[in-house]
Amino acid sequence: MVEKRKILVTAALPYANGDIHMGHLVEYIQTDIWVRFQKLRGHECIYICADDTHGTAIMLKAQEQNISPDVLVASMQERHARDFCDFQVAFDNYYTTNSPENKAFSCEFYEKMKSKGHIETKEIEQLFCEKDNIFLPDRFIKGICPKCKAEDQYGDCCEKCLATYSTKDVIDPKCTVCGSKPIYKSSEHLFFQLSHFQEFLKGWVKDHLSPEIQNKLNEWLEGELRDWDISRDAPYFGFQIPGTDEKYFYVWVDAPIGYIASTKNWCDKNNRNYEEFWKNDDAELYHFIGKDILYFHTLFWPAMLETAEYKKPNGVFVHGFLTINGEKMSKTRGTFINARDYLEFLDPTSLRFYYACKMNPQFDDIDLNFEDYANRVNSDLVGKITNLASRLAPMLNKKLDSKLGIIPEDGAELIKFAQDKSNEISDHFENRRFSRAMISIREIADEANKYIDKKEPWKLIKTDLDETRNIITVGLNVFRIISIYLSPVLPEYSALVSELFNEKPFQWSSTENVLINHKIGKFKHLSKRVEMKDVESLLEKSKPSIPKEVEEKSKCNYESLESEITIDDFSKIDLRVGTITEANLVKGADKLLQLTVDIGFETRNVLAGIKEAYDPKDLIGKQVSLVANLKPRKMKFGVSEGMILAAGPGGKDIHILSPLTNSKNGDRIN
């Protein structure tokens, strides 16, 4: 008997100025799988979320649409909730930070911070856009990271090296609204003194976070923690700070407090007390977040909770970013895909299955490779798992009165093999090793298919109905057990399976039961194959529309051919297949990356002007086409020993030309 746990789980709040996209869904599906697993085990597990609704971005977006911010955030909340529902993400409460509960809690937190001596007033200089007449928040400033020198980074943190810094440290800052260079202007602000919590945070981090996260946080904790500016100047959409005239809570103050507000809203609707979860050491609290907001959730937020005398998280689970076909999500490449567009062409069940096959507890990036996605879904979900039911259940429906028989001895061994996987798969789900869980499930399906293929019930049914019924009984029982294990990942799929077996919704313990002499229902379609034509249609739709004048300009560029050459001229060029084994930034260079390219019989050092289009780490292992007999060129930053082929107008919109199929390094391209 498993002891019942009380668990509250949150996912980071999606910002209310844009639609849900494929990158968002990594987190919400990962969290949903974990929550559904806990519920399947019989625990009380409440999944809380909300729209993050405040800040300058929302205010400006509403102005652009000529509506009030309140109307904008209410409309976006409906859109977000609809998208999550269609991807089978089942929040127990999906609320908004623009709520009376959140305002009350935000004021309570602030008063506690102030009364305990953790608020300091400072006169500071801020970047101010004279053209837009607003102080610029961190995310409305872009420039060069002061730490790693990555370009096009936000004003508070770098997505490349994960460093955090002051906007004053950003190199060559620009306003993201109008592109103009901002000026510095003085203003009085309120600061939460995070430095007061250094020792507390060291202890909390050590006791509650994974070693991988601890290592990252220790980089900050070993230095002096910066005090945190929690106020913003008017005009601003948010909650006014008590006792001030034109100061508002910074969005990152009331956003995490929104977890508590959403919990209270759920509790009020269910005759419960929010303190059961937020002021009770017997309850468990977990946050699922992306690695880009690690600092806020593991330093600022625990310190705020400590000040306000609320429960601190038992764990913070961090995931990486999503890449698509090996590339960073990009609108120009058609790989910035909205959830709603995906649903037009592809099945959410397939995506949940594929994401689960890729997810693990580390915060490595996850790649949605559409070719691998189609192969994995078609081979494993459709070909190995669903195929068990689609081959056997219709046979039982049509020829054997839909009634299961008994379990023969060799079939009992197979069923026991499937049941004995329960603890192993449960442990994988508990520890968020979803990819390992899916491997274990696939192993069961492989054994079941071997059993059915060996017994050949489609032939046996012509001569021995009873034996055929018993073989089908084994196969369908194993399929049922697999479907129970898959319930957290594929809830709608498993619901159809429980309906097929005329059962109530599955529990994890349902795997212990074996169905014999049992009537099943009519088999219904469970999953469908992924067709690459649908993938191509999705990618095509996701490409941005090109204004006519730009399209015409591009056409002219491509039609302006160079002067003719002969075949003899072309034959002088020695093109070889190579693989990038190292890729590094070039200190002091705006456009160059240093590449080490293995061309089979030797390696070449290549300086390539692709820095704006590619992150060096994304190039490792990528096959390229190299002009191998180009005379070495001595440049300011070193000697370049070849040229890789690329297409596009340049800048961010350039694409390396890779061989369509994997070739051997050194193969000549003719």
# chains A, B, ... in the order shown; residues from 1 in each chain; ligands from 1
call {"tool": "select_by_dssp", "arguments": {"residues": "segment 135-213 of chain A", "states": "strand (DSSP E)", "output": "PyMOL selection string"}}
result
chain A and resi 135+141-144+153-154+171-175+183-192
call {"tool": "residues_around", "arguments": {"residues": "Asn375 of chain A", "least_positions_apart": "6", "cutoff": "12 Å", "atoms": "only C-alpha atoms", "output": "CSV table (one decimal) with N, CA and C atoms, in the first residue's frame"}}
result
chain,number,residue,atom,x,y,z
A,350,SER,N,0.8,12.2,-30.6
A,350,SER,CA,2.1,11.9,-31.2
A,350,SER,C,3.2,12.8,-30.6
A,354,TYR,N,6.4,11.6,-28.4
A,354,TYR,CA,7.8,11.9,-28.8
A,354,TYR,C,8.5,12.7,-27.7
A,369,ASN,N,13.3,16.7,-33.9
A,369,ASN,CA,13.7,16.4,-35.2
A,369,ASN,C,12.6,15.7,-35.9
A,381,LEU,N,5.0,3.7,-31.4
A,381,LEU,CA,3.6,3.9,-30.9
A,381,LEU,C,2.6,3.2,-31.8
A,382,VAL,N,2.7,3.4,-33.1
A,382,VAL,CA,1.8,2.8,-34.1
A,382,VAL,C,2.2,1.3,-34.4
A,383,GLY,N,3.4,1.1,-34.8
A,383,GLY,CA,3.8,-0.2,-35.3
A,383,GLY,C,4.0,-1.3,-34.2
A,384,LYS,N,4.5,-0.9,-33.0
A,384,LYS,CA,4.7,-1.9,-32.0
A,384,LYS,C,3.6,-2.0,-30.9
A,529,ARG,N,-0.5,7.2,-38.1
A,529,ARG,CA,0.9,7.4,-38.5
A,529,ARG,C,1.1,8.9,-38.8
A,530,VAL,N,2.4,9.3,-38.7
A,530,VAL,CA,2.8,10.7,-39.0
A,530,VAL,C,3.2,10.6,-40.5
A,531,GLU,N,2.6,11.5,-41.3
A,531,GLU,CA,3.0,11.6,-42.7
A,531,GLU,C,3.9,12.8,-42.9
A,532,MET,N,5.0,12.6,-43.6
A,532,MET,CA,5.9,13.7,-43.8
A,532,MET,C,5.3,14.9,-44.6
call {"tool": "residues_around", "arguments": {"residues": "segment 314-320 of chain A", "least_positions_apart": "2", "cutoff": "9 Å", "atoms": "only C-alpha atoms", "output": "VMD selection string"}}
result
chain A and resid 26 to 27 207 to 210 213 284 to 292 294 297 to 298 311 to 312 322 359 to 366
call {"tool": "atom_distance", "arguments": {"atom1": "atom CA of Tyr274 of chain A", "atom2": "atom CA of Thr10 of chain A"}}
result
14.1 Å
call {"tool": "residues_around", "arguments": {"residues": "Met59 of chain A", "least_positions_apart": "3", "cutoff": "8 Å", "atoms": "only C-alpha atoms", "output": "PyMOL selection string"}}
result
chain A and resi 54-56+62-63+69+236-237
call {"tool": "write_last_selection", "arguments": {"atoms": "N, CA and C atoms", "output": "mmCIF file, in the first residue's frame"}}
result
data_model
loop_
_atom_site.group_PDB
_atom_site.id
_atom_site.type_symbol
_atom_site.label_atom_id
_atom_site.label_comp_id
_atom_site.auth_asym_id
_atom_site.auth_seq_id
_atom_site.Cartn_x
_atom_site.Cartn_y
_atom_site.Cartn_z
ATOM 1 N N HIS A 54 1.435 41.006 -16.246
ATOM 2 C CA HIS A 54 1.826 42.392 -15.989
ATOM 3 C C HIS A 54 3.112 42.776 -16.709
ATOM 4 N N GLY A 55 3.375 44.081 -16.741
ATOM 5 C CA GLY A 55 4.626 44.560 -17.300
ATOM 6 C C GLY A 55 4.453 45.505 -18.468
ATOM 7 N N THR A 56 5.566 46.110 -18.867
ATOM 8 C CA THR A 56 5.558 47.076 -19.967
ATOM 9 C C THR A 56 5.168 46.432 -21.283
ATOM 10 N N ALA A 62 -1.110 46.154 -25.743
ATOM 11 C CA ALA A 62 -2.494 46.628 -25.695
ATOM 12 C C ALA A 62 -2.645 47.949 -26.440
ATOM 13 N N GLN A 63 -1.663 48.833 -26.266
ATOM 14 C CA GLN A 63 -1.704 50.114 -26.990
ATOM 15 C C GLN A 63 -1.666 49.883 -28.490
ATOM 16 N N PRO A 69 -5.229 46.900 -21.370
ATOM 17 C CA PRO A 69 -4.459 45.724 -20.969
ATOM 18 C C PRO A 69 -5.328 44.630 -20.353
ATOM 19 N N TYR A 236 2.945 51.872 -16.220
ATOM 20 C CA TYR A 236 3.231 50.441 -16.047
ATOM 21 C C TYR A 236 1.925 49.720 -15.750
ATOM 22 N N PHE A 237 1.742 48.553 -16.353
ATOM 23 C CA PHE A 237 0.553 47.740 -16.068
ATOM 24 C C PHE A 237 0.913 46.725 -14.995
#
call {"tool": "residues_around", "arguments": {"residues": "Arg79 of chain A", "least_positions_apart": "5", "cutoff": "12 Å", "atoms": "only C-alpha atoms", "output": "ChimeraX atom specification"}}
result
/A:14-21,51,72-74,84-86,94,338-340
call {"tool": "write_last_selection", "arguments": {"atoms": "C-alpha atoms", "output": "PDB file, in the first residue's frame"}}
result
ATOM      1  CA  PRO A  14       3.266  31.789 -19.799  1.00  0.00           C
ATOM      2  CA  TYR A  15       3.458  35.482 -20.619  1.00  0.00           C
ATOM      3  CA  ALA A  16       0.236  37.000 -21.901  1.00  0.00           C
ATOM      4  CA  ASN A  17       1.657  38.815 -24.908  1.00  0.00           C
ATOM      5  CA  GLY A  18       1.871  35.873 -27.306  1.00  0.00           C
ATOM      6  CA  ASP A  19       0.509  32.466 -28.218  1.00  0.00           C
ATOM      7  CA  ILE A  20       1.710  29.112 -26.914  1.00  0.00           C
ATOM      8  CA  HIS A  21       4.405  27.579 -29.121  1.00  0.00           C
ATOM      9  CA  ASP A  51      -1.128  33.616 -17.163  1.00  0.00           C
ATOM     10  CA  LEU A  72      -5.793  41.836 -23.774  1.00  0.00           C
ATOM     11  CA  VAL A  73      -4.800  39.562 -20.877  1.00  0.00           C
ATOM     12  CA  ALA A  74      -8.307  38.125 -20.477  1.00  0.00           C
ATOM     13  CA  PHE A  84      -3.236  23.561 -23.296  1.00  0.00           C
ATOM     14  CA  CYS A  85      -6.498  21.641 -23.232  1.00  0.00           C
ATOM     15  CA  ASP A  86      -6.063  20.533 -26.843  1.00  0.00           C
ATOM     16  CA  TYR A  94      -5.407  27.868 -14.647  1.00  0.00           C
ATOM     17  CA  ASN A 338       2.743  27.854 -32.711  1.00  0.00           C
ATOM     18  CA  ALA A 339       0.745  25.185 -30.915  1.00  0.00           C
ATOM     19  CA  ARG A 340      -2.398  26.037 -32.873  1.00  0.00           C
TER      20      ARG A 340
END
call {"tool": "residues_around", "arguments": {"residues": "Phe417 of chain A", "least_positions_apart": "4", "cutoff": "10 Å", "atoms": "only C-alpha atoms", "output": "VMD selection string"}}
result
chain A and resid 411 to 413 421 to 422 443 to 444 447 to 448 478
call {"tool": "write_last_selection", "arguments": {"atoms": "N, CA and C atoms", "output": "short mmCIF file (atom, residue, chain, number, x, y, z; two decimals), in the first residue's frame"}}
result
data_model
loop_
_atom_site.label_atom_id
_atom_site.label_comp_id
_atom_site.auth_asym_id
_atom_site.auth_seq_id
_atom_site.Cartn_x
_atom_site.Cartn_y
_atom_site.Cartn_z
N GLY A 411 1.94 -17.83 -21.97
CA GLY A 411 1.40 -16.47 -21.94
C GLY A 411 1.50 -15.85 -20.55
N ALA A 412 1.37 -16.70 -19.52
CA ALA A 412 1.48 -16.20 -18.14
C ALA A 412 2.86 -15.62 -17.88
N GLU A 413 3.88 -16.23 -18.47
CA GLU A 413 5.25 -15.73 -18.30
C GLU A 413 5.40 -14.33 -18.92
N LYS A 421 7.65 -5.10 -14.59
CA LYS A 421 8.28 -3.84 -14.98
C LYS A 421 7.70 -2.65 -14.19
N SER A 422 6.68 -2.89 -13.41
CA SER A 422 5.95 -1.79 -12.74
C SER A 422 6.87 -0.92 -11.89
N GLU A 443 10.24 -2.29 -24.52
CA GLU A 443 10.75 -3.65 -24.34
C GLU A 443 9.59 -4.64 -24.14
N ILE A 444 8.58 -4.22 -23.40
CA ILE A 444 7.40 -5.08 -23.21
C ILE A 444 6.71 -5.31 -24.55
N GLU A 447 8.50 -7.84 -26.75
CA GLU A 447 8.29 -9.24 -26.34
C GLU A 447 6.88 -9.70 -26.72
N ALA A 448 5.91 -8.81 -26.57
CA ALA A 448 4.52 -9.18 -26.90
C ALA A 448 4.37 -9.45 -28.40
N VAL A 478 -1.42 -7.90 -22.22
CA VAL A 478 -0.14 -7.18 -22.21
C VAL A 478 -0.32 -5.77 -22.78
#
call {"tool": "select_by_dssp", "arguments": {"residues": "segment 6-53 of chain A", "states": "alpha helix (DSSP H)", "output": "list in words"}}
result
Met22, Gly23, His24, Leu25, Val26, Glu27, Tyr28, Ile29, Gln30, Thr31, Asp32, Ile33, Trp34, Val35, Arg36, Phe37, Gln38, Lys39 and Leu40 of chain A
